[in-house]
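Peer 1: So that we are looking at the same thing, I have put the structure below in structure tokens.
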Amino acid sequence: MNDSMIVMELAKVILRIFTILPLLLVVTMYMGKRAIGQLPLFDFLVIITLASVTGADIADPNIHHIHTIVAIVMIAILQRIVSYLLIKKRWFGHAMTFEPTVVIENGVLIIANLEKIRYSIDNILQMLREKDIFDLSIVKLAIVEANGKLTVYKKPENAVVTLEDLYLAKRSSNLAFPVIIEGQVYPNILKHLNLSINWLDEELKKKGVSQSKNVLFASVNEEGDLHISINDIKYKGPPFYH
């Protein structure tokens with residue numbers, strides 16, 4: 001390949017970039033906020049497909065440019081049709097998205113639902129921390145939505161204080177430290193809290209738990225209160241739908 005052919009190929013790639021990117025901008029605006037915001041399952045697939053088609057067109061000058069343009073326009077039209085059906089036809093929306101899944105009820109992790117959606121305890125704890133929640137016991141209900149985000153409803157006594165709530169007593173702190181995760185005890189955290197394993201065993205017995213290996217998750221807050229979730233694979237939690 002001589003220099004002139006190389007220059008022509010590069011010019012073709014540059015031309016494709018300057019035509020494809022404005023087209024993608026127009027197409028994305030046409031598809032609307034929904035396509036770039038929450039990214040439901042179908043929209044996620046649309047974004048991947050658009051990226052693949054665009055990348056192949058830019059990287060390979062041998063691909064007919066008009067075919068790529070037609071493909072991008074058709075993908076955008078398909079996305080708008082599906083979005084319309086999702087809004088107008090409830091059954092279609094259920095078929096095209098995941099159902100929300102309850103993962104915490106009254107401070108208790110629901111292991112069966114965690115395994116169903118393949119989320120680990122660490123995933124849920126991180127998502128709670130991102131919502132400034134460090135104590136599982138203050139959570140009334142936590143739901144993993146269809147887009148993978150976590151929605152949390154706190155217990156009434158731990159909700160954000162409003163003017164009407166000023167006369168209600170609130171806890172001084174909502175910070176709790178995990179001391180057992182999936183049956184494994186963390187002695188260093190107990191030591192940090194000036195607590196012993198014997199203390200932990202006694203508190204577990206008070207709650208009817210004979211062995212720590214039966215505990216899915218346990219935490220201790222700054223007031224010394226122990227909160228536990230039992231490893232109960234049979235418990236499915238309350239039903240929750242779109």
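By convention in this document, the chains of the structure tokens carry letters A, B, ... by their order, each chain's residues are numbered from 1, and ligands are numbered from 1 in the order they are shown.
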I'd like the contact shell of Leu141 in chain A - 7 Å cut-off, only C-alpha atoms, skipping same-chain residues fewer than 2 positions apart - returned as a count of residues only.

Peer 2: 8

Peer 1: Name the residues of range 46-198 of chain A that fall into alpha helix (DSSP H) according to DSSP on the backbone, using the chain letters and numbers of this document, as a ChimeraX atom specification.

Peer 2: /A:46-59,65-88,90-96,111-117,121-129,187-192,197-198

Peer 1: Please give the complete set of residues from range 2-230 of chain A that DSSP, run on the backbone, assigns to strand (DSSP E), formatted as a VMD selection string.

Peer 2: chain A and resid 101 to 105 108 to 109 139 to 144 150 to 154 176 to 181 184 to 185 215 to 221 226 to 230

Peer 1: Counting only C-alpha atoms, which of A:Ile197, A:Ile181, A:Ile189, A:Ala142 gets nearest to Ile121 in chain A?

Peer 2: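 Looking at the shortest contact to Ile121 in chain A, the residue is A:Ile181.
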